[in-house]
Amino acid sequence: MQNLIRFIRMYHFLLLFLIFQSISLTLIINNNSYQNYRIIKKTSEYTGFIYSISQNIKDYFQLKEVNTYLANENAKLLTLINSVESKTIINEKKEFDFISSQVINNTVSKRNNFITLNKGSFHGVSEGMGLITLNGVVGIVHSVSNKFSLAMSILNKNSSISVKLNKQNNAGSLKWNGFDYRRASLESIPNHVNINREDTISTNGFSTIFPKGIDIGTINSYKSNSETGHYDIIIDLFIDFNKLNSVYIIESVDSFEQLNLEKIKND
């Protein structure tokens, strides 16, 4: 309190000047339309600039929430599109449901790589569901808890995805050689098949895990193997697994019916 009194005594002339100056400016602004207009215009410019910066900062911190919302909307749209296409007579596609999910842990340098997701059984996820992005196949759900799930990446020695050459329509298996997360191997393509670099491969839809026609990558190199009778083919993957942030978990609506029928046939 004593410091405040001392400060007022030292600067009382300056304080009085500022008070009277403020009163004068207020009277001028309130009683003169032109000055009032100019002040309001300048004030609006500065406040608008400050609000703009504030909104940009707010938008930046809301990006994660917006991205999650968009991913969920995309999942709903993909489900709807797939449902409509599967019900047409001409395009007899299997019907799939899509669930958006964020990647919270991912490895690419191990021999057996796994991906941890922030969706679990509480969100409808179960073991055996497929993982994709708009750029290709990611993996298969391995185990599930209430809120999280662990997926086996296609960058795993135990992974084997049923695929086909788009141009030639020959079926094969996509496997990982364990060295480069940007590449995989295509097996079981006979030597007599005419293939070329840049030929595209995609899922063939034989399994109940992935829809037909999801592009996976292109042929980088190939050579005939006389011992196996098949090509040794290296594929450039469309997905950069080192930058994987979000995925779609997919479930075949008709998988139970197909698997049950195939089980009866095998019995």
# chains A, B, ... in the order shown; residues from 1 in each chain; ligands from 1
$ select_by_dssp --residues "range 159-259 of chain A" --states "strand (DSSP E)" --output "JSON, numbers by chain"
{"A": [161, 162, 163, 164, 165, 171, 172, 173, 174, 175, 183, 184, 185, 186, 187, 200, 201, 202, 203, 215, 216, 217, 218, 219, 220, 221, 222, 223, 224, 225, 230, 231, 232, 233, 234, 235, 236, 237, 246, 247, 248, 249, 250, 251, 252]}
$ write_last_selection --atoms "N, CA and C atoms" --output "compact mmCIF listing (two decimals), in the first residue's frame"
# COMPACT_ATOMS: atom_id res chain seq x y z
N ILE A 161 -0.98 -62.15 -48.23
CA ILE A 161 -2.19 -61.53 -48.76
C ILE A 161 -2.45 -62.05 -50.17
N SER A 162 -3.67 -62.48 -50.41
CA SER A 162 -4.06 -62.99 -51.73
C SER A 162 -4.28 -61.82 -52.69
N VAL A 163 -3.49 -61.79 -53.77
CA VAL A 163 -3.52 -60.67 -54.71
C VAL A 163 -3.58 -61.18 -56.15
N LYS A 164 -3.63 -60.24 -57.08
CA LYS A 164 -3.62 -60.61 -58.50
C LYS A 164 -2.94 -59.51 -59.31
N LEU A 165 -2.44 -59.89 -60.48
CA LEU A 165 -1.95 -58.92 -61.45
C LEU A 165 -3.15 -58.32 -62.17
N ALA A 171 -3.45 -64.86 -60.18
CA ALA A 171 -3.45 -64.75 -58.72
C ALA A 171 -2.09 -65.10 -58.15
N GLY A 172 -1.74 -64.47 -57.04
CA GLY A 172 -0.49 -64.74 -56.35
C GLY A 172 -0.60 -64.37 -54.88
N SER A 173 0.53 -64.42 -54.19
CA SER A 173 0.56 -64.10 -52.76
C SER A 173 1.57 -62.98 -52.50
N LEU A 174 1.14 -61.99 -51.72
CA LEU A 174 2.03 -60.89 -51.34
C LEU A 174 2.68 -61.22 -50.01
N LYS A 175 4.02 -61.22 -49.99
CA LYS A 175 4.76 -61.48 -48.76
C LYS A 175 5.87 -60.45 -48.61
N ARG A 183 8.94 -52.07 -49.89
CA ARG A 183 8.82 -53.11 -50.90
C ARG A 183 8.36 -54.43 -50.30
N ALA A 184 7.76 -55.27 -51.15
CA ALA A 184 7.33 -56.61 -50.76
C ALA A 184 7.57 -57.55 -51.93
N SER A 185 7.31 -58.84 -51.72
CA SER A 185 7.52 -59.85 -52.76
C SER A 185 6.18 -60.40 -53.24
N LEU A 186 6.10 -60.67 -54.53
CA LEU A 186 4.93 -61.32 -55.11
C LEU A 186 5.32 -62.73 -55.52
N GLU A 187 4.63 -63.72 -54.99
CA GLU A 187 4.96 -65.12 -55.23
C GLU A 187 3.85 -65.82 -56.01
N THR A 200 0.48 -53.19 -62.21
CA THR A 200 -0.14 -52.98 -60.90
C THR A 200 -0.73 -54.27 -60.36
N ILE A 201 -0.61 -54.45 -59.05
CA ILE A 201 -1.25 -55.59 -58.38
C ILE A 201 -2.29 -55.06 -57.40
N SER A 202 -3.31 -55.87 -57.15
CA SER A 202 -4.37 -55.49 -56.22
C SER A 202 -4.92 -56.75 -55.55
N THR A 203 -5.78 -56.56 -54.56
CA THR A 203 -6.41 -57.70 -53.90
C THR A 203 -7.37 -58.38 -54.88
N ASP A 215 -5.78 -51.54 -54.83
CA ASP A 215 -4.42 -51.49 -55.37
C ASP A 215 -3.39 -51.52 -54.26
N ILE A 216 -2.32 -52.28 -54.48
CA ILE A 216 -1.30 -52.47 -53.45
C ILE A 216 0.04 -51.88 -53.87
N GLY A 217 0.42 -52.06 -55.13
CA GLY A 217 1.70 -51.56 -55.58
C GLY A 217 1.96 -51.90 -57.03
N THR A 218 3.18 -51.63 -57.48
CA THR A 218 3.57 -51.91 -58.86
C THR A 218 4.84 -52.75 -58.88
N ILE A 219 5.05 -53.47 -59.97
CA ILE A 219 6.24 -54.31 -60.11
C ILE A 219 7.47 -53.45 -60.28
N ASN A 220 8.45 -53.65 -59.42
CA ASN A 220 9.72 -52.93 -59.51
C ASN A 220 10.73 -53.72 -60.34
N SER A 221 10.83 -55.02 -60.07
CA SER A 221 11.76 -55.88 -60.81
C SER A 221 11.27 -57.32 -60.76
N TYR A 222 11.73 -58.13 -61.70
CA TYR A 222 11.33 -59.54 -61.73
C TYR A 222 12.37 -60.35 -62.51
N LYS A 223 12.42 -61.64 -62.20
CA LYS A 223 13.26 -62.56 -62.96
C LYS A 223 12.69 -63.97 -62.84
N SER A 224 12.89 -64.76 -63.87
CA SER A 224 12.38 -66.13 -63.88
C SER A 224 13.21 -67.01 -62.96
N ASN A 225 12.54 -67.92 -62.27
CA ASN A 225 13.20 -68.89 -61.40
C ASN A 225 12.89 -70.28 -61.93
N HIS A 230 8.34 -70.24 -61.03
CA HIS A 230 7.63 -68.97 -60.82
C HIS A 230 8.61 -67.81 -60.86
N TYR A 231 8.09 -66.63 -61.09
CA TYR A 231 8.91 -65.43 -61.05
C TYR A 231 9.31 -65.07 -59.62
N ASP A 232 10.48 -64.45 -59.50
CA ASP A 232 10.85 -63.74 -58.28
C ASP A 232 10.55 -62.27 -58.53
N ILE A 233 9.51 -61.76 -57.89
CA ILE A 233 9.02 -60.41 -58.20
C ILE A 233 9.11 -59.52 -56.97
N ILE A 234 9.63 -58.31 -57.16
CA ILE A 234 9.68 -57.30 -56.10
C ILE A 234 8.66 -56.21 -56.42
N ILE A 235 7.85 -55.87 -55.42
CA ILE A 235 6.77 -54.89 -55.57
C ILE A 235 7.10 -53.60 -54.82
N ASP A 236 6.88 -52.47 -55.46
CA ASP A 236 6.91 -51.18 -54.78
C ASP A 236 5.53 -50.92 -54.19
N LEU A 237 5.45 -50.81 -52.87
CA LEU A 237 4.17 -50.60 -52.20
C LEU A 237 3.72 -49.15 -52.34
N SER A 246 -3.37 -43.07 -39.98
CA SER A 246 -4.74 -43.53 -39.78
C SER A 246 -5.06 -44.64 -40.77
N VAL A 247 -6.00 -45.49 -40.41
CA VAL A 247 -6.39 -46.62 -41.25
C VAL A 247 -7.90 -46.81 -41.17
N TYR A 248 -8.42 -47.68 -42.04
CA TYR A 248 -9.80 -48.11 -41.97
C TYR A 248 -9.81 -49.61 -41.65
N ILE A 249 -10.51 -49.95 -40.58
CA ILE A 249 -10.70 -51.36 -40.23
C ILE A 249 -11.95 -51.83 -40.95
N ILE A 250 -11.86 -52.94 -41.67
CA ILE A 250 -12.98 -53.38 -42.49
C ILE A 250 -13.45 -54.77 -42.08
N GLU A 251 -14.74 -54.97 -42.19
CA GLU A 251 -15.36 -56.25 -41.86
C GLU A 251 -16.29 -56.66 -42.98
N SER A 252 -16.14 -57.91 -43.42
CA SER A 252 -17.03 -58.43 -44.46
C SER A 252 -18.36 -58.81 -43.83
$ atom_distance --atom1 "CA of Arg182 in chain A" --atom2 "CA of Lys243 in chain A"
11.0 Å
$ closest_residue --among "A:Arg197, A:Arg6, A:Lys119, A:Lys167" --to "Leu150 in chain A" --atoms "only C-alpha atoms"
A:Lys119
$ residues_around --residues "range 137-144 of chain A" --least-positions-apart "5" --cutoff "7 Å" --atoms "only C-alpha atoms" --output "compact mmCIF listing (two decimals) with C-alpha atoms, in the first residue's frame"
# COMPACT_ATOMS: atom_id res chain seq x y z
CA GLY A 120 -11.11 -52.16 -29.85
CA SER A 121 -14.03 -54.48 -29.20
CA SER A 126 -12.65 -58.15 -33.71
CA GLU A 127 -9.79 -60.46 -34.64
CA GLY A 128 -9.34 -61.20 -38.32
CA MET A 129 -10.61 -57.88 -39.65
CA GLY A 130 -8.60 -56.23 -42.41
CA LEU A 131 -6.77 -52.90 -42.33
CA ILE A 132 -6.56 -50.62 -45.35
CA SER A 149 -6.33 -53.56 -31.03
CA LEU A 150 -3.06 -54.98 -32.33
CA ALA A 151 -2.73 -55.70 -36.04
CA MET A 152 -0.19 -57.77 -37.91
CA SER A 153 1.28 -55.54 -40.58
CA ILE A 154 1.90 -56.90 -44.07
CA ILE A 216 -1.30 -52.47 -53.45
$ select_by_dssp --residues "range 99-267 of chain A" --states "helix (DSSP H, G or I)" --output "ChimeraX atom specification"
/A:121-123,241-243,255-266
$ write_last_selection --atoms "N, CA and C atoms" --output "short mmCIF file (atom, residue, chain, number, x, y, z; two decimals), in the first residue's frame"
data_model
loop_
_atom_site.label_atom_id
_atom_site.label_comp_id
_atom_site.auth_asym_id
_atom_site.auth_seq_id
_atom_site.Cartn_x
_atom_site.Cartn_y
_atom_site.Cartn_z
N SER A 121 -12.74 -53.77 -29.14
CA SER A 121 -14.03 -54.48 -29.20
C SER A 121 -15.19 -53.55 -28.86
N PHE A 122 -14.94 -52.55 -28.02
CA PHE A 122 -15.99 -51.57 -27.68
C PHE A 122 -16.48 -50.83 -28.93
N HIS A 123 -15.61 -50.71 -29.94
CA HIS A 123 -15.95 -49.99 -31.17
C HIS A 123 -16.36 -50.94 -32.29
N PHE A 241 4.73 -47.02 -45.04
CA PHE A 241 4.41 -47.47 -43.68
C PHE A 241 5.11 -46.65 -42.62
N ASN A 242 6.14 -45.95 -42.98
CA ASN A 242 6.84 -45.11 -42.00
C ASN A 242 6.08 -43.82 -41.71
N LYS A 243 5.05 -43.52 -42.51
CA LYS A 243 4.25 -42.31 -42.32
C LYS A 243 2.79 -42.66 -42.03
N SER A 255 -19.03 -62.58 -44.51
CA SER A 255 -17.95 -63.52 -44.24
C SER A 255 -18.44 -64.81 -43.57
N PHE A 256 -19.38 -64.67 -42.62
CA PHE A 256 -19.86 -65.86 -41.91
C PHE A 256 -20.49 -66.86 -42.87
N GLU A 257 -21.31 -66.34 -43.80
CA GLU A 257 -21.98 -67.22 -44.76
C GLU A 257 -20.98 -67.92 -45.66
N GLN A 258 -19.97 -67.16 -46.14
CA GLN A 258 -18.97 -67.75 -47.03
C GLN A 258 -18.13 -68.80 -46.31
N LEU A 259 -17.65 -68.46 -45.11
CA LEU A 259 -16.80 -69.38 -44.36
C LEU A 259 -17.57 -70.63 -43.94
N ASN A 260 -18.83 -70.47 -43.59
CA ASN A 260 -19.64 -71.61 -43.20
C ASN A 260 -19.86 -72.56 -44.39
N LEU A 261 -20.09 -72.00 -45.56
CA LEU A 261 -20.28 -72.81 -46.77
C LEU A 261 -19.00 -73.55 -47.13
N GLU A 262 -17.85 -72.85 -47.05
CA GLU A 262 -16.58 -73.50 -47.38
C GLU A 262 -16.23 -74.58 -46.36
N LYS A 263 -16.63 -74.39 -45.11
CA LYS A 263 -16.39 -75.40 -44.09
C LYS A 263 -17.19 -76.67 -44.38
N ILE A 264 -18.43 -76.51 -44.81
CA ILE A 264 -19.27 -77.65 -45.15
C ILE A 264 -18.67 -78.43 -46.31
N LYS A 265 -18.13 -77.67 -47.29
CA LYS A 265 -17.52 -78.31 -48.47
C LYS A 265 -16.29 -79.13 -48.07
N ASN A 266 -15.47 -78.54 -47.17
CA ASN A 266 -14.25 -79.23 -46.74
C ASN A 266 -14.55 -80.46 -45.88
#
$ closest_residue --among "A:Val108, A:Gly213, A:Ser160, A:Phe238" --to "Glu198 in chain A" --atoms "only C-alpha atoms"
A:Phe238
$ decode --residues "range 174-213 of chain A" --atoms "N, CA and C atoms" --output "compact mmCIF listing (two decimals), in the first residue's frame"
# COMPACT_ATOMS: atom_id res chain seq x y z
N LEU A 174 1.14 -61.99 -51.72
CA LEU A 174 2.03 -60.89 -51.34
C LEU A 174 2.68 -61.22 -50.01
N LYS A 175 4.02 -61.22 -49.99
CA LYS A 175 4.76 -61.48 -48.76
C LYS A 175 5.87 -60.45 -48.61
N TRP A 176 6.41 -60.39 -47.40
CA TRP A 176 7.46 -59.40 -47.12
C TRP A 176 8.80 -60.11 -46.97
N ASN A 177 9.83 -59.52 -47.60
CA ASN A 177 11.16 -60.13 -47.53
C ASN A 177 11.94 -59.72 -46.29
N GLY A 178 11.41 -58.77 -45.52
CA GLY A 178 12.04 -58.44 -44.24
C GLY A 178 13.13 -57.41 -44.27
N PHE A 179 13.29 -56.68 -45.38
CA PHE A 179 14.39 -55.73 -45.47
C PHE A 179 13.93 -54.28 -45.65
N ASP A 180 13.05 -54.02 -46.58
CA ASP A 180 12.68 -52.66 -46.94
C ASP A 180 11.17 -52.48 -46.76
N TYR A 181 10.77 -51.53 -45.90
CA TYR A 181 9.34 -51.33 -45.64
C TYR A 181 8.60 -50.74 -46.84
N ARG A 182 9.34 -50.33 -47.86
CA ARG A 182 8.71 -49.77 -49.06
C ARG A 182 8.44 -50.83 -50.11
N ARG A 183 8.94 -52.07 -49.89
CA ARG A 183 8.82 -53.11 -50.90
C ARG A 183 8.36 -54.43 -50.30
N ALA A 184 7.76 -55.27 -51.15
CA ALA A 184 7.33 -56.61 -50.76
C ALA A 184 7.57 -57.55 -51.93
N SER A 185 7.31 -58.84 -51.72
CA SER A 185 7.52 -59.85 -52.76
C SER A 185 6.18 -60.40 -53.24
N LEU A 186 6.10 -60.67 -54.53
CA LEU A 186 4.93 -61.32 -55.11
C LEU A 186 5.32 -62.73 -55.52
N GLU A 187 4.63 -63.72 -54.99
CA GLU A 187 4.96 -65.12 -55.23
C GLU A 187 3.85 -65.82 -56.01
N SER A 188 4.22 -66.99 -56.58
CA SER A 188 3.28 -67.91 -57.26
C SER A 188 2.78 -67.41 -58.61
N ILE A 189 3.53 -66.53 -59.27
CA ILE A 189 3.20 -66.13 -60.64
C ILE A 189 4.05 -66.97 -61.59
N PRO A 190 3.44 -67.82 -62.43
CA PRO A 190 4.21 -68.73 -63.31
C PRO A 190 5.11 -67.98 -64.28
N ASN A 191 6.21 -68.63 -64.66
CA ASN A 191 7.18 -68.02 -65.56
C ASN A 191 6.63 -67.70 -66.94
N HIS A 192 5.59 -68.40 -67.38
CA HIS A 192 5.07 -68.19 -68.73
C HIS A 192 4.19 -66.94 -68.85
N VAL A 193 3.83 -66.36 -67.70
CA VAL A 193 2.97 -65.17 -67.74
C VAL A 193 3.77 -63.96 -68.23
N ASN A 194 3.20 -63.17 -69.10
CA ASN A 194 3.86 -61.99 -69.64
C ASN A 194 3.66 -60.81 -68.68
N ILE A 195 4.72 -60.43 -67.99
CA ILE A 195 4.63 -59.31 -67.05
C ILE A 195 5.65 -58.24 -67.40
N ASN A 196 5.43 -57.04 -66.88
CA ASN A 196 6.32 -55.91 -67.15
C ASN A 196 6.48 -55.06 -65.89
N ARG A 197 7.55 -54.27 -65.88
CA ARG A 197 7.71 -53.31 -64.80
C ARG A 197 6.56 -52.31 -64.81
N GLU A 198 6.18 -51.85 -63.63
CA GLU A 198 5.07 -50.89 -63.44
C GLU A 198 3.70 -51.54 -63.56
N ASP A 199 3.62 -52.85 -63.82
CA ASP A 199 2.32 -53.52 -63.76
C ASP A 199 1.78 -53.43 -62.35
N THR A 200 0.48 -53.19 -62.21
CA THR A 200 -0.14 -52.98 -60.90
C THR A 200 -0.73 -54.27 -60.36
N ILE A 201 -0.61 -54.45 -59.05
CA ILE A 201 -1.25 -55.59 -58.38
C ILE A 201 -2.29 -55.06 -57.40
N SER A 202 -3.31 -55.87 -57.15
CA SER A 202 -4.37 -55.49 -56.22
C SER A 202 -4.92 -56.75 -55.55
N THR A 203 -5.78 -56.56 -54.56
CA THR A 203 -6.41 -57.70 -53.90
C THR A 203 -7.37 -58.38 -54.88
N ASN A 204 -7.44 -59.73 -54.80
CA ASN A 204 -8.30 -60.45 -55.74
C ASN A 204 -9.68 -60.77 -55.18
N GLY A 205 -9.89 -60.50 -53.89
CA GLY A 205 -11.21 -60.70 -53.31
C GLY A 205 -11.56 -62.14 -52.99
N PHE A 206 -10.58 -63.06 -53.07
CA PHE A 206 -10.86 -64.46 -52.78
C PHE A 206 -11.15 -64.68 -51.29
N SER A 207 -10.45 -63.93 -50.43
CA SER A 207 -10.66 -64.10 -48.99
C SER A 207 -11.83 -63.25 -48.51
N THR A 208 -12.22 -63.47 -47.27
CA THR A 208 -13.30 -62.68 -46.67
C THR A 208 -12.77 -61.44 -45.96
N ILE A 209 -11.45 -61.22 -46.04
CA ILE A 209 -10.84 -60.14 -45.26
C ILE A 209 -10.83 -58.81 -46.02
N PHE A 210 -10.46 -58.85 -47.31
CA PHE A 210 -10.31 -57.62 -48.08
C PHE A 210 -11.23 -57.61 -49.30
N PRO A 211 -11.75 -56.45 -49.64
CA PRO A 211 -12.55 -56.33 -50.87
C PRO A 211 -11.67 -56.55 -52.10
N LYS A 212 -12.29 -56.84 -53.19
CA LYS A 212 -11.58 -57.01 -54.45
C LYS A 212 -11.19 -55.65 -55.02
N GLY A 213 -9.99 -55.59 -55.60
CA GLY A 213 -9.59 -54.40 -56.36
C GLY A 213 -8.90 -53.30 -55.58
